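In what follows, a structure is listed as structure tokens, so that the remarks can point back to it.
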Amino acid sequence: MDNCIFCKIAGGEIPAATLYEDDEFRVILDAGPASRGHALILPKAHYTDLFELPEDLAAKAVKLAKRLLPAMKKALNCDGFHLVQNNGTAAGQTVPHYHLHIIPCYADKGPAAVWTPGECTDEDRELIPKLVKENL
Ligand code: AMP
Ligand code: ZN
């Protein structure tokens with residue numbers, strides 16, 4: 001993808017603070033971090049989101065996160081992590097190149113990503129599992 005900033009960063013055309021690199025991925029520090037050490041796992045190949053990402057790369061991205069977490073925990077002395085991955089502008093995705101956020105959390109600061117819990121209605125408890133299973 002010619003005009004994709006994350007293609008350029010992942011491919012090394014634009015420099016970024018790189019925590020890890022192999023043939024398929026580059027892991028960089030987020031330029032607008034939610035917390036200290038906020039990192040992004042970028043596949044080097046362009047896929048817009050999880051819908052497009054091939055299954056094997058999706059699995060590799062999570063495996064890579066699993067490998068990075070203990071190293072980041074030691075390096076940053078953090079107490080927990082969010083793994084966040086936005087799909088679509090409605091979900092807040094601002095860069096249309098798949099990326100997995102690794103967001104360190106610090107006990108004294110509380111969770112870096114929060115949402116307000118709503119209510120799951122009896123109707124939805126009945127209907128949603130049925131509808132999803134029908135579409136699997
Ligand atoms: P999302 O909202 O899930 O698409 O996340 C995009 C993330 O990319 C945001 O957290 C941005 O701070 C980060 N970001 C955007 N441009 C850059 C860049 N050039 N280098 C590093 N991080 C970036
Ligand atoms: Zn791209």
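Ordered as shown in the structure tokens, chains take letters A, B, and onward, while each chain numbers its residues from 1 and ligands are numbered from 1 in the order shown.
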- Message: To check your reading of the model: which residues sit at most 8 Å from ligand 2 when counting only C-alpha atoms and all ligand atoms? Write the answer as an NGL selection string.
- Response: :A and (1-8 or 44-48 or 96-98)
- Leaving out Lys63 (chain A) and any residue of its chain fewer than 5 positions from it, which residues lie within 12 Å of it when counting only C-alpha atoms, given as a ChimeraX atom specification? /A:25,41,56-58,68-69,100
Find the residues near ligand 1. Use a cut-off of 12 Å, count only C-alpha atoms and all ligand atoms, and write them as an mmCIF file with all heavy atoms, in the first residue's frame.
```cif
data_model
loop_
_atom_site.group_PDB
_atom_site.id
_atom_site.type_symbol
_atom_site.label_atom_id
_atom_site.label_comp_id
_atom_site.auth_asym_id
_atom_site.auth_seq_id
_atom_site.Cartn_x
_atom_site.Cartn_y
_atom_site.Cartn_z
ATOM 1 N N CYS A 4 0.307 4.135 2.971
ATOM 2 C CA CYS A 4 -0.011 3.674 4.323
ATOM 3 C C CYS A 4 1.178 3.933 5.252
ATOM 4 O O CYS A 4 2.261 3.388 5.042
ATOM 5 C CB CYS A 4 -0.377 2.188 4.306
ATOM 6 S SG CYS A 4 -0.595 1.501 5.943
ATOM 7 N N ILE A 5 0.945 4.735 6.263
ATOM 8 C CA ILE A 5 2.028 5.109 7.196
ATOM 9 C C ILE A 5 2.591 3.878 7.914
ATOM 10 O O ILE A 5 3.808 3.764 8.108
ATOM 11 C CB ILE A 5 1.528 6.181 8.211
ATOM 12 C CG1 ILE A 5 2.609 6.575 9.229
ATOM 13 C CG2 ILE A 5 0.316 5.740 8.985
ATOM 14 C CD1 ILE A 5 3.330 7.811 8.885
ATOM 15 N N PHE A 6 1.712 2.928 8.280
ATOM 16 C CA PHE A 6 2.210 1.753 9.000
ATOM 17 C C PHE A 6 2.950 0.792 8.066
ATOM 18 O O PHE A 6 3.855 0.083 8.510
ATOM 19 C CB PHE A 6 1.079 1.057 9.757
ATOM 20 C CG PHE A 6 0.735 1.725 11.083
ATOM 21 C CD1 PHE A 6 1.383 2.882 11.501
ATOM 22 C CD2 PHE A 6 -0.236 1.186 11.917
ATOM 23 C CE1 PHE A 6 1.079 3.500 12.710
ATOM 24 C CE2 PHE A 6 -0.549 1.789 13.137
ATOM 25 C CZ PHE A 6 0.105 2.947 13.533
ATOM 26 N N CYS A 7 2.612 0.769 6.781
ATOM 27 C CA CYS A 7 3.427 -0.002 5.827
ATOM 28 C C CYS A 7 4.837 0.578 5.787
ATOM 29 O O CYS A 7 5.826 -0.158 5.793
ATOM 30 C CB CYS A 7 2.832 0.054 4.419
ATOM 31 S SG CYS A 7 1.533 -1.158 4.116
ATOM 32 N N LYS A 8 4.895 1.920 5.760
ATOM 33 C CA LYS A 8 6.201 2.581 5.679
ATOM 34 C C LYS A 8 7.018 2.364 6.958
ATOM 35 O O LYS A 8 8.224 2.140 6.894
ATOM 36 C CB LYS A 8 6.013 4.083 5.400
ATOM 37 C CG LYS A 8 5.528 4.327 3.979
ATOM 38 C CD LYS A 8 5.339 5.789 3.688
ATOM 39 C CE LYS A 8 4.836 5.948 2.242
ATOM 40 N NZ LYS A 8 4.174 7.203 2.002
ATOM 41 N N ILE A 9 6.349 2.432 8.093
ATOM 42 C CA ILE A 9 7.061 2.203 9.363
ATOM 43 C C ILE A 9 7.479 0.735 9.474
ATOM 44 O O ILE A 9 8.636 0.433 9.780
ATOM 45 C CB ILE A 9 6.176 2.620 10.563
ATOM 46 C CG1 ILE A 9 6.025 4.149 10.595
ATOM 47 C CG2 ILE A 9 6.768 2.116 11.864
ATOM 48 C CD1 ILE A 9 5.046 4.660 11.636
ATOM 49 N N ALA A 10 6.548 -0.160 9.198
ATOM 50 C CA ALA A 10 6.851 -1.596 9.335
ATOM 51 C C ALA A 10 7.984 -1.998 8.391
ATOM 52 O O ALA A 10 8.846 -2.810 8.736
ATOM 53 C CB ALA A 10 5.600 -2.431 9.061
ATOM 54 N N GLY A 12 10.408 -0.094 7.416
ATOM 55 C CA GLY A 12 11.655 0.596 7.738
ATOM 56 C C GLY A 12 11.895 1.862 6.927
ATOM 57 O O GLY A 12 12.929 2.508 7.051
ATOM 58 N N GLU A 13 10.903 2.239 6.114
ATOM 59 C CA GLU A 13 11.045 3.440 5.273
ATOM 60 C C GLU A 13 10.945 4.711 6.128
ATOM 61 O O GLU A 13 11.597 5.714 5.841
ATOM 62 C CB GLU A 13 9.888 3.415 4.259
ATOM 63 C CG GLU A 13 10.121 4.181 2.986
ATOM 64 C CD GLU A 13 8.900 4.086 2.079
ATOM 65 O OE1 GLU A 13 8.376 2.961 1.903
ATOM 66 O OE2 GLU A 13 8.472 5.118 1.589
ATOM 67 N N ILE A 14 10.115 4.645 7.162
ATOM 68 C CA ILE A 14 10.017 5.739 8.146
ATOM 69 C C ILE A 14 10.511 5.170 9.472
ATOM 70 O O ILE A 14 10.041 4.113 9.901
ATOM 71 C CB ILE A 14 8.554 6.227 8.300
ATOM 72 C CG1 ILE A 14 8.071 6.884 7.005
ATOM 73 C CG2 ILE A 14 8.422 7.186 9.462
ATOM 74 C CD1 ILE A 14 6.627 7.338 7.043
ATOM 75 N N PRO A 15 11.468 5.865 10.101
ATOM 76 C CA PRO A 15 12.013 5.318 11.343
ATOM 77 C C PRO A 15 11.014 5.375 12.505
ATOM 78 O O PRO A 15 10.183 6.274 12.562
ATOM 79 C CB PRO A 15 13.232 6.226 11.633
ATOM 80 C CG PRO A 15 13.093 7.408 10.767
ATOM 81 C CD PRO A 15 12.103 7.119 9.691
ATOM 82 N N ALA A 16 11.106 4.382 13.365
ATOM 83 C CA ALA A 16 10.260 4.350 14.565
ATOM 84 C C ALA A 16 11.027 3.622 15.657
ATOM 85 O O ALA A 16 11.915 2.812 15.359
ATOM 86 C CB ALA A 16 8.949 3.618 14.259
ATOM 87 N N ALA A 17 10.704 3.922 16.907
ATOM 88 C CA ALA A 17 11.348 3.238 18.037
ATOM 89 C C ALA A 17 10.889 1.784 18.019
ATOM 90 O O ALA A 17 9.721 1.484 18.274
ATOM 91 C CB ALA A 17 10.943 3.912 19.336
ATOM 92 N N THR A 18 11.815 0.885 17.658
ATOM 93 C CA THR A 18 11.461 -0.520 17.411
ATOM 94 C C THR A 18 11.894 -1.419 18.566
ATOM 95 O O THR A 18 13.068 -1.462 18.919
ATOM 96 C CB THR A 18 12.115 -0.987 16.092
ATOM 97 O OG1 THR A 18 11.571 -0.207 15.012
ATOM 98 C CG2 THR A 18 11.840 -2.461 15.825
ATOM 99 N N ARG A 26 6.954 -5.824 12.800
ATOM 100 C CA ARG A 26 7.757 -4.858 13.537
ATOM 101 C C ARG A 26 6.889 -4.395 14.716
ATOM 102 O O ARG A 26 5.686 -4.171 14.557
ATOM 103 C CB ARG A 26 8.132 -3.658 12.657
ATOM 104 C CG ARG A 26 9.018 -2.630 13.383
ATOM 105 C CD ARG A 26 9.234 -1.393 12.535
ATOM 106 N NE ARG A 26 10.002 -1.669 11.328
ATOM 107 C CZ ARG A 26 11.324 -1.602 11.226
ATOM 108 N NH1 ARG A 26 12.047 -1.255 12.282
ATOM 109 N NH2 ARG A 26 11.919 -1.854 10.086
ATOM 110 N N VAL A 27 7.538 -4.259 15.871
ATOM 111 C CA VAL A 27 6.821 -3.774 17.058
ATOM 112 C C VAL A 27 7.437 -2.434 17.440
ATOM 113 O O VAL A 27 8.652 -2.335 17.651
ATOM 114 C CB VAL A 27 6.939 -4.777 18.229
ATOM 115 C CG1 VAL A 27 6.131 -4.274 19.423
ATOM 116 C CG2 VAL A 27 6.457 -6.162 17.798
ATOM 117 N N ILE A 28 6.574 -1.418 17.501
ATOM 118 C CA ILE A 28 7.073 -0.054 17.731
ATOM 119 C C ILE A 28 6.400 0.576 18.953
ATOM 120 O O ILE A 28 5.341 0.110 19.388
ATOM 121 C CB ILE A 28 6.816 0.856 16.496
ATOM 122 C CG1 ILE A 28 5.304 1.032 16.250
ATOM 123 C CG2 ILE A 28 7.516 0.310 15.258
ATOM 124 C CD1 ILE A 28 4.948 2.174 15.309
ATOM 125 N N LEU A 29 7.001 1.635 19.435
ATOM 126 C CA LEU A 29 6.326 2.429 20.467
ATOM 127 C C LEU A 29 5.280 3.306 19.809
ATOM 128 O O LEU A 29 5.540 3.922 18.757
ATOM 129 C CB LEU A 29 7.334 3.307 21.213
ATOM 130 C CG LEU A 29 8.236 2.620 22.240
ATOM 131 C CD1 LEU A 29 9.110 3.665 22.931
ATOM 132 C CD2 LEU A 29 7.440 1.816 23.270
ATOM 133 N N ASP A 30 4.094 3.372 20.410
ATOM 134 C CA ASP A 30 3.028 4.249 19.923
ATOM 135 C C ASP A 30 3.460 5.711 20.130
ATOM 136 O O ASP A 30 3.996 6.077 21.175
ATOM 137 C CB ASP A 30 1.735 3.958 20.703
ATOM 138 C CG ASP A 30 0.512 4.583 20.062
ATOM 139 O OD1 ASP A 30 0.444 5.833 20.008
ATOM 140 O OD2 ASP A 30 -0.368 3.840 19.627
ATOM 141 N N ALA A 31 3.231 6.529 19.104
ATOM 142 C CA ALA A 31 3.645 7.944 19.168
ATOM 143 C C ALA A 31 2.754 8.765 20.097
ATOM 144 O O ALA A 31 3.155 9.846 20.545
ATOM 145 C CB ALA A 31 3.624 8.552 17.763
ATOM 146 N N GLY A 32 1.570 8.260 20.396
ATOM 147 C CA GLY A 32 0.664 8.971 21.320
ATOM 148 C C GLY A 32 0.212 8.015 22.401
ATOM 149 O O GLY A 32 -0.958 7.639 22.467
ATOM 150 N N PRO A 33 1.141 7.593 23.251
ATOM 151 C CA PRO A 33 0.874 6.451 24.148
ATOM 152 C C PRO A 33 -0.230 6.696 25.181
ATOM 153 O O PRO A 33 -0.332 7.783 25.750
ATOM 154 C CB PRO A 33 2.229 6.246 24.850
ATOM 155 C CG PRO A 33 2.933 7.558 24.759
ATOM 156 C CD PRO A 33 2.480 8.175 23.459
ATOM 157 N N ALA A 34 -1.022 5.660 25.420
ATOM 158 C CA ALA A 34 -2.026 5.690 26.487
ATOM 159 C C ALA A 34 -1.345 5.546 27.841
ATOM 160 O O ALA A 34 -1.907 5.934 28.867
ATOM 161 C CB ALA A 34 -3.039 4.565 26.282
ATOM 162 N N SER A 35 -0.161 4.949 27.830
ATOM 163 C CA SER A 35 0.627 4.798 29.060
ATOM 164 C C SER A 35 2.082 4.597 28.641
ATOM 165 O O SER A 35 2.367 4.342 27.457
ATOM 166 C CB SER A 35 0.147 3.582 29.860
ATOM 167 O OG SER A 35 0.392 2.404 29.109
ATOM 168 N N GLY A 37 5.277 3.019 27.572
ATOM 169 C CA GLY A 37 5.625 1.731 26.980
ATOM 170 C C GLY A 37 4.584 1.194 26.013
ATOM 171 O O GLY A 37 4.757 0.113 25.445
ATOM 172 N N HIS A 38 3.502 1.935 25.788
ATOM 173 C CA HIS A 38 2.444 1.530 24.836
ATOM 174 C C HIS A 38 3.084 1.173 23.488
ATOM 175 O O HIS A 38 3.766 1.986 22.873
ATOM 176 C CB HIS A 38 1.474 2.708 24.696
ATOM 177 C CG HIS A 38 0.310 2.482 23.790
ATOM 178 N ND1 HIS A 38 -0.773 3.327 23.755
ATOM 179 C CD2 HIS A 38 0.027 1.524 22.867
ATOM 180 C CE1 HIS A 38 -1.666 2.911 22.873
ATOM 181 N NE2 HIS A 38 -1.186 1.814 22.305
ATOM 182 N N ALA A 39 2.865 -0.063 23.071
ATOM 183 C CA ALA A 39 3.514 -0.559 21.846
ATOM 184 C C ALA A 39 2.464 -1.052 20.851
ATOM 185 O O ALA A 39 1.320 -1.345 21.221
ATOM 186 C CB ALA A 39 4.477 -1.691 22.202
ATOM 187 N N LEU A 40 2.876 -1.131 19.599
ATOM 188 C CA LEU A 40 1.995 -1.601 18.519
ATOM 189 C C LEU A 40 2.688 -2.725 17.767
ATOM 190 O O LEU A 40 3.833 -2.560 17.324
ATOM 191 C CB LEU A 40 1.716 -0.461 17.530
ATOM 192 C CG LEU A 40 1.070 0.811 18.077
ATOM 193 C CD1 LEU A 40 1.058 1.901 16.983
ATOM 194 C CD2 LEU A 40 -0.342 0.543 18.582
ATOM 195 N N ILE A 41 2.006 -3.846 17.627
ATOM 196 C CA ILE A 41 2.506 -4.935 16.783
ATOM 197 C C ILE A 41 1.978 -4.703 15.377
ATOM 198 O O ILE A 41 0.757 -4.704 15.158
ATOM 199 C CB ILE A 41 2.039 -6.306 17.317
ATOM 200 C CG1 ILE A 41 2.646 -6.564 18.703
ATOM 201 C CG2 ILE A 41 2.416 -7.416 16.344
ATOM 202 C CD1 ILE A 41 2.274 -7.919 19.302
ATOM 203 N N LEU A 42 2.889 -4.486 14.439
ATOM 204 C CA LEU A 42 2.503 -4.224 13.048
ATOM 205 C C LEU A 42 2.954 -5.374 12.153
ATOM 206 O O LEU A 42 4.153 -5.668 12.092
ATOM 207 C CB LEU A 42 3.198 -2.952 12.522
ATOM 208 C CG LEU A 42 3.153 -1.678 13.352
ATOM 209 C CD1 LEU A 42 3.941 -0.578 12.640
ATOM 210 C CD2 LEU A 42 1.723 -1.239 13.584
ATOM 211 N N THR A 48 -6.018 -4.375 6.301
ATOM 212 C CA THR A 48 -6.707 -3.253 6.939
ATOM 213 C C THR A 48 -7.055 -3.537 8.400
ATOM 214 O O THR A 48 -6.873 -2.685 9.268
ATOM 215 C CB THR A 48 -8.003 -2.926 6.161
ATOM 216 O OG1 THR A 48 -7.622 -2.610 4.834
ATOM 217 C CG2 THR A 48 -8.731 -1.750 6.756
ATOM 218 N N ASP A 49 -7.530 -4.740 8.631
ATOM 219 C CA ASP A 49 -8.046 -5.042 9.972
ATOM 220 C C ASP A 49 -8.102 -6.553 10.159
ATOM 221 O O ASP A 49 -7.635 -7.317 9.305
ATOM 222 C CB ASP A 49 -9.423 -4.386 10.181
ATOM 223 C CG ASP A 49 -10.412 -4.769 9.075
ATOM 224 O OD1 ASP A 49 -10.226 -5.822 8.438
ATOM 225 O OD2 ASP A 49 -11.370 -4.002 8.847
ATOM 226 N N LEU A 50 -8.702 -6.961 11.269
ATOM 227 C CA LEU A 50 -8.744 -8.394 11.585
ATOM 228 C C LEU A 50 -9.593 -9.183 10.589
ATOM 229 O O LEU A 50 -9.374 -10.378 10.393
ATOM 230 C CB LEU A 50 -9.272 -8.587 13.016
ATOM 231 C CG LEU A 50 -9.179 -9.977 13.619
ATOM 232 C CD1 LEU A 50 -7.739 -10.495 13.649
ATOM 233 C CD2 LEU A 50 -9.762 -10.002 15.020
ATOM 234 N N LEU A 83 -4.543 -5.672 25.967
ATOM 235 C CA LEU A 83 -4.328 -5.901 24.530
ATOM 236 C C LEU A 83 -5.573 -5.359 23.854
ATOM 237 O O LEU A 83 -6.683 -5.807 24.149
ATOM 238 C CB LEU A 83 -4.159 -7.386 24.203
ATOM 239 C CG LEU A 83 -2.899 -8.070 24.681
ATOM 240 C CD1 LEU A 83 -2.740 -9.414 23.992
ATOM 241 C CD2 LEU A 83 -1.657 -7.238 24.448
ATOM 242 N N VAL A 84 -5.381 -4.401 22.956
ATOM 243 C CA VAL A 84 -6.512 -3.732 22.312
ATOM 244 C C VAL A 84 -6.297 -3.792 20.811
ATOM 245 O O VAL A 84 -5.168 -3.648 20.327
ATOM 246 C CB VAL A 84 -6.603 -2.247 22.750
ATOM 247 C CG1 VAL A 84 -7.703 -1.510 21.997
ATOM 248 C CG2 VAL A 84 -6.825 -2.146 24.247
ATOM 249 N N GLN A 85 -7.385 -3.993 20.091
ATOM 250 C CA GLN A 85 -7.247 -4.061 18.633
ATOM 251 C C GLN A 85 -8.537 -3.549 18.032
ATOM 252 O O GLN A 85 -9.590 -4.180 18.135
ATOM 253 C CB GLN A 85 -6.955 -5.516 18.229
ATOM 254 C CG GLN A 85 -6.373 -5.681 16.846
ATOM 255 C CD GLN A 85 -7.481 -5.817 15.819
ATOM 256 O OE1 GLN A 85 -8.318 -6.700 15.945
ATOM 257 N NE2 GLN A 85 -7.465 -4.955 14.825
ATOM 258 N N ASN A 86 -8.477 -2.358 17.457
ATOM 259 C CA ASN A 86 -9.666 -1.701 16.922
ATOM 260 C C ASN A 86 -9.905 -2.083 15.466
ATOM 261 O O ASN A 86 -8.964 -2.108 14.669
ATOM 262 C CB ASN A 86 -9.503 -0.182 17.043
ATOM 263 C CG ASN A 86 -9.372 0.275 18.487
ATOM 264 O OD1 ASN A 86 -10.019 -0.298 19.374
ATOM 265 N ND2 ASN A 86 -8.540 1.269 18.743
ATOM 266 N N ASN A 87 -11.151 -2.348 15.146
ATOM 267 C CA ASN A 87 -11.541 -2.701 13.775
ATOM 268 C C ASN A 87 -12.645 -1.777 13.304
ATOM 269 O O ASN A 87 -13.769 -1.858 13.803
ATOM 270 C CB ASN A 87 -12.022 -4.154 13.713
ATOM 271 C CG ASN A 87 -10.914 -5.122 14.037
ATOM 272 O OD1 ASN A 87 -10.110 -5.458 13.183
ATOM 273 N ND2 ASN A 87 -10.838 -5.546 15.278
ATOM 274 N N GLY A 88 -12.304 -0.883 12.376
ATOM 275 C CA GLY A 88 -13.305 0.032 11.831
ATOM 276 C C GLY A 88 -13.309 1.364 12.568
ATOM 277 O O GLY A 88 -12.988 1.435 13.757
ATOM 278 N N THR A 89 -13.688 2.402 11.829
ATOM 279 C CA THR A 89 -13.706 3.740 12.421
ATOM 280 C C THR A 89 -14.713 3.810 13.579
ATOM 281 O O THR A 89 -14.492 4.534 14.545
ATOM 282 C CB THR A 89 -14.048 4.820 11.364
ATOM 283 O OG1 THR A 89 -15.229 4.412 10.672
ATOM 284 C CG2 THR A 89 -12.939 5.014 10.362
ATOM 285 N N ALA A 90 -15.783 3.034 13.476
ATOM 286 C CA ALA A 90 -16.783 3.038 14.565
ATOM 287 C C ALA A 90 -16.157 2.572 15.875
ATOM 288 O O ALA A 90 -16.601 2.953 16.956
ATOM 289 C CB ALA A 90 -17.962 2.137 14.201
ATOM 290 N N ALA A 91 -15.105 1.746 15.750
ATOM 291 C CA ALA A 91 -14.420 1.229 16.939
ATOM 292 C C ALA A 91 -13.237 2.101 17.334
ATOM 293 O O ALA A 91 -12.484 1.757 18.247
ATOM 294 C CB ALA A 91 -13.961 -0.200 16.673
ATOM 295 N N GLY A 92 -13.049 3.202 16.599
ATOM 296 C CA GLY A 92 -11.938 4.108 16.929
ATOM 297 C C GLY A 92 -10.668 3.829 16.163
ATOM 298 O O GLY A 92 -9.620 4.404 16.465
ATOM 299 N N GLN A 93 -10.733 2.938 15.169
ATOM 300 C CA GLN A 93 -9.522 2.672 14.376
ATOM 301 C C GLN A 93 -9.189 3.904 13.536
ATOM 302 O O GLN A 93 -10.021 4.380 12.766
ATOM 303 C CB GLN A 93 -9.722 1.459 13.461
ATOM 304 C CG GLN A 93 -8.441 1.077 12.711
ATOM 305 C CD GLN A 93 -8.594 -0.182 11.857
ATOM 306 O OE1 GLN A 93 -9.688 -0.697 11.665
ATOM 307 N NE2 GLN A 93 -7.474 -0.666 11.331
ATOM 308 N N THR A 94 -7.990 4.427 13.726
ATOM 309 C CA THR A 94 -7.580 5.636 13.005
ATOM 310 C C THR A 94 -6.562 5.338 11.915
ATOM 311 O O THR A 94 -6.389 6.135 11.005
ATOM 312 C CB THR A 94 -6.992 6.687 13.971
ATOM 313 O OG1 THR A 94 -5.909 6.088 14.686
ATOM 314 C CG2 THR A 94 -8.045 7.192 14.947
ATOM 315 N N VAL A 95 -5.855 4.220 12.039
ATOM 316 C CA VAL A 95 -4.886 3.840 10.996
ATOM 317 C C VAL A 95 -5.339 2.514 10.387
ATOM 318 O O VAL A 95 -5.371 1.487 11.074
ATOM 319 C CB VAL A 95 -3.456 3.704 11.569
ATOM 320 C CG1 VAL A 95 -2.472 3.347 10.454
ATOM 321 C CG2 VAL A 95 -3.016 4.980 12.276
ATOM 322 N N PRO A 96 -5.721 2.538 9.100
ATOM 323 C CA PRO A 96 -6.303 1.337 8.496
ATOM 324 C C PRO A 96 -5.263 0.322 8.023
ATOM 325 O O PRO A 96 -5.240 -0.099 6.870
ATOM 326 C CB PRO A 96 -7.125 1.898 7.322
ATOM 327 C CG PRO A 96 -6.436 3.166 6.940
ATOM 328 C CD PRO A 96 -5.792 3.705 8.185
ATOM 329 N N HIS A 97 -4.375 -0.042 8.941
ATOM 330 C CA HIS A 97 -3.405 -1.129 8.738
ATOM 331 C C HIS A 97 -3.444 -1.883 10.056
ATOM 332 O O HIS A 97 -3.166 -1.295 11.115
ATOM 333 C CB HIS A 97 -2.005 -0.523 8.462
ATOM 334 C CG HIS A 97 -0.879 -1.502 8.366
ATOM 335 N ND1 HIS A 97 -0.040 -1.580 7.260
ATOM 336 C CD2 HIS A 97 -0.410 -2.429 9.235
ATOM 337 C CE1 HIS A 97 0.876 -2.499 7.455
ATOM 338 N NE2 HIS A 97 0.679 -3.036 8.657
ATOM 339 N N TYR A 98 -3.797 -3.167 10.012
ATOM 340 C CA TYR A 98 -3.971 -3.948 11.240
ATOM 341 C C TYR A 98 -2.840 -3.669 12.239
ATOM 342 O O TYR A 98 -1.665 -3.670 11.878
ATOM 343 C CB TYR A 98 -4.002 -5.451 10.930
ATOM 344 C CG TYR A 98 -3.999 -6.289 12.187
ATOM 345 C CD1 TYR A 98 -5.191 -6.704 12.757
ATOM 346 C CD2 TYR A 98 -2.803 -6.620 12.818
ATOM 347 C CE1 TYR A 98 -5.197 -7.452 13.930
ATOM 348 C CE2 TYR A 98 -2.798 -7.363 14.001
ATOM 349 C CZ TYR A 98 -3.998 -7.768 14.535
ATOM 350 O OH TYR A 98 -3.995 -8.490 15.709
ATOM 351 N N HIS A 99 -3.191 -3.460 13.481
ATOM 352 C CA HIS A 99 -2.185 -3.336 14.545
ATOM 353 C C HIS A 99 -2.803 -3.770 15.853
ATOM 354 O O HIS A 99 -3.982 -3.536 16.108
ATOM 355 C CB HIS A 99 -1.625 -1.913 14.646
ATOM 356 C CG HIS A 99 -2.679 -0.856 14.687
ATOM 357 N ND1 HIS A 99 -3.347 -0.424 13.562
ATOM 358 C CD2 HIS A 99 -3.203 -0.161 15.735
ATOM 359 C CE1 HIS A 99 -4.222 0.507 13.908
ATOM 360 N NE2 HIS A 99 -4.172 0.676 15.216
ATOM 361 N N LEU A 100 -1.974 -4.407 16.660
ATOM 362 C CA LEU A 100 -2.392 -4.872 17.981
ATOM 363 C C LEU A 100 -1.699 -4.002 19.022
ATOM 364 O O LEU A 100 -0.465 -3.946 19.074
ATOM 365 C CB LEU A 100 -2.005 -6.354 18.135
ATOM 366 C CG LEU A 100 -2.322 -7.045 19.454
ATOM 367 C CD1 LEU A 100 -3.805 -6.980 19.789
ATOM 368 C CD2 LEU A 100 -1.879 -8.513 19.386
ATOM 369 N N HIS A 101 -2.518 -3.296 19.816
ATOM 370 C CA HIS A 101 -1.960 -2.443 20.869
ATOM 371 C C HIS A 101 -1.568 -3.299 22.072
ATOM 372 O O HIS A 101 -2.353 -4.135 22.525
ATOM 373 C CB HIS A 101 -3.003 -1.452 21.381
ATOM 374 C CG HIS A 101 -3.474 -0.433 20.390
ATOM 375 N ND1 HIS A 101 -3.022 0.863 20.385
ATOM 376 C CD2 HIS A 101 -4.375 -0.501 19.386
ATOM 377 C CE1 HIS A 101 -3.636 1.552 19.428
ATOM 378 N NE2 HIS A 101 -4.469 0.742 18.804
ATOM 379 N N ILE A 102 -0.388 -3.041 22.604
ATOM 380 C CA ILE A 102 -0.014 -3.590 23.917
ATOM 381 C C ILE A 102 0.126 -2.390 24.848
ATOM 382 O O ILE A 102 1.020 -1.554 24.662
ATOM 383 C CB ILE A 102 1.326 -4.355 23.862
ATOM 384 C CG1 ILE A 102 1.258 -5.494 22.841
ATOM 385 C CG2 ILE A 102 1.668 -4.905 25.240
ATOM 386 C CD1 ILE A 102 2.563 -6.277 22.714
ATOM 387 N N ILE A 103 -0.787 -2.300 25.796
ATOM 388 C CA ILE A 103 -0.833 -1.108 26.653
ATOM 389 C C ILE A 103 -0.522 -1.506 28.098
ATOM 390 O O ILE A 103 -1.327 -2.170 28.761
ATOM 391 C CB ILE A 103 -2.219 -0.432 26.571
ATOM 392 C CG1 ILE A 103 -2.557 -0.104 25.100
ATOM 393 C CG2 ILE A 103 -2.253 0.830 27.421
ATOM 394 C CD1 ILE A 103 -3.955 0.470 24.886
ATOM 395 N N ALA A 113 -7.354 1.796 29.782
ATOM 396 C CA ALA A 113 -8.538 1.779 28.909
ATOM 397 C C ALA A 113 -9.741 1.343 29.748
ATOM 398 O O ALA A 113 -9.692 0.299 30.396
ATOM 399 C CB ALA A 113 -8.323 0.801 27.761
#
```
- Could you tell me, as a ChimeraX atom specification, which residues of chain A DSSP assigns to helix (DSSP H, G or I) when given the backbone? /A:5-10,55-76,89-91,122-135
- Message: For a test of reading the model, state the distance in Å between CA of Met72 (chain A) and CA of Leu19 (chain A), rounded to one decimal.
- Response: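 Taking CA of Met72 (chain A) as the start and CA of Leu19 (chain A) as the end point, the length is 9.4 Å.
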- Between CA of Lys109 (chain A) and CA of Pro70 (chain A), what is the distance, to one decimal in Å?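 Between these atoms lies a distance of 19.8 Å.
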- Query: Residues of chain A in strand (DSSP E) according to DSSP, as a ChimeraX atom specification?
  - Reply: /A:18-21,25-29,39-43,80-84,100-105
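Taking only C-alpha atoms into account, Lys74 (chain A) lies nearest to A:Pro104 out of the set A:Pro117, A:Pro43, A:Pro104, A:Pro129.
Each of A:Val132, A:Leu127, A:Ala112, A:Cys120 was checked against Asp79 (chain A) using only C-alpha atoms; the smallest atom-to-atom distance is that of A:Ala112.
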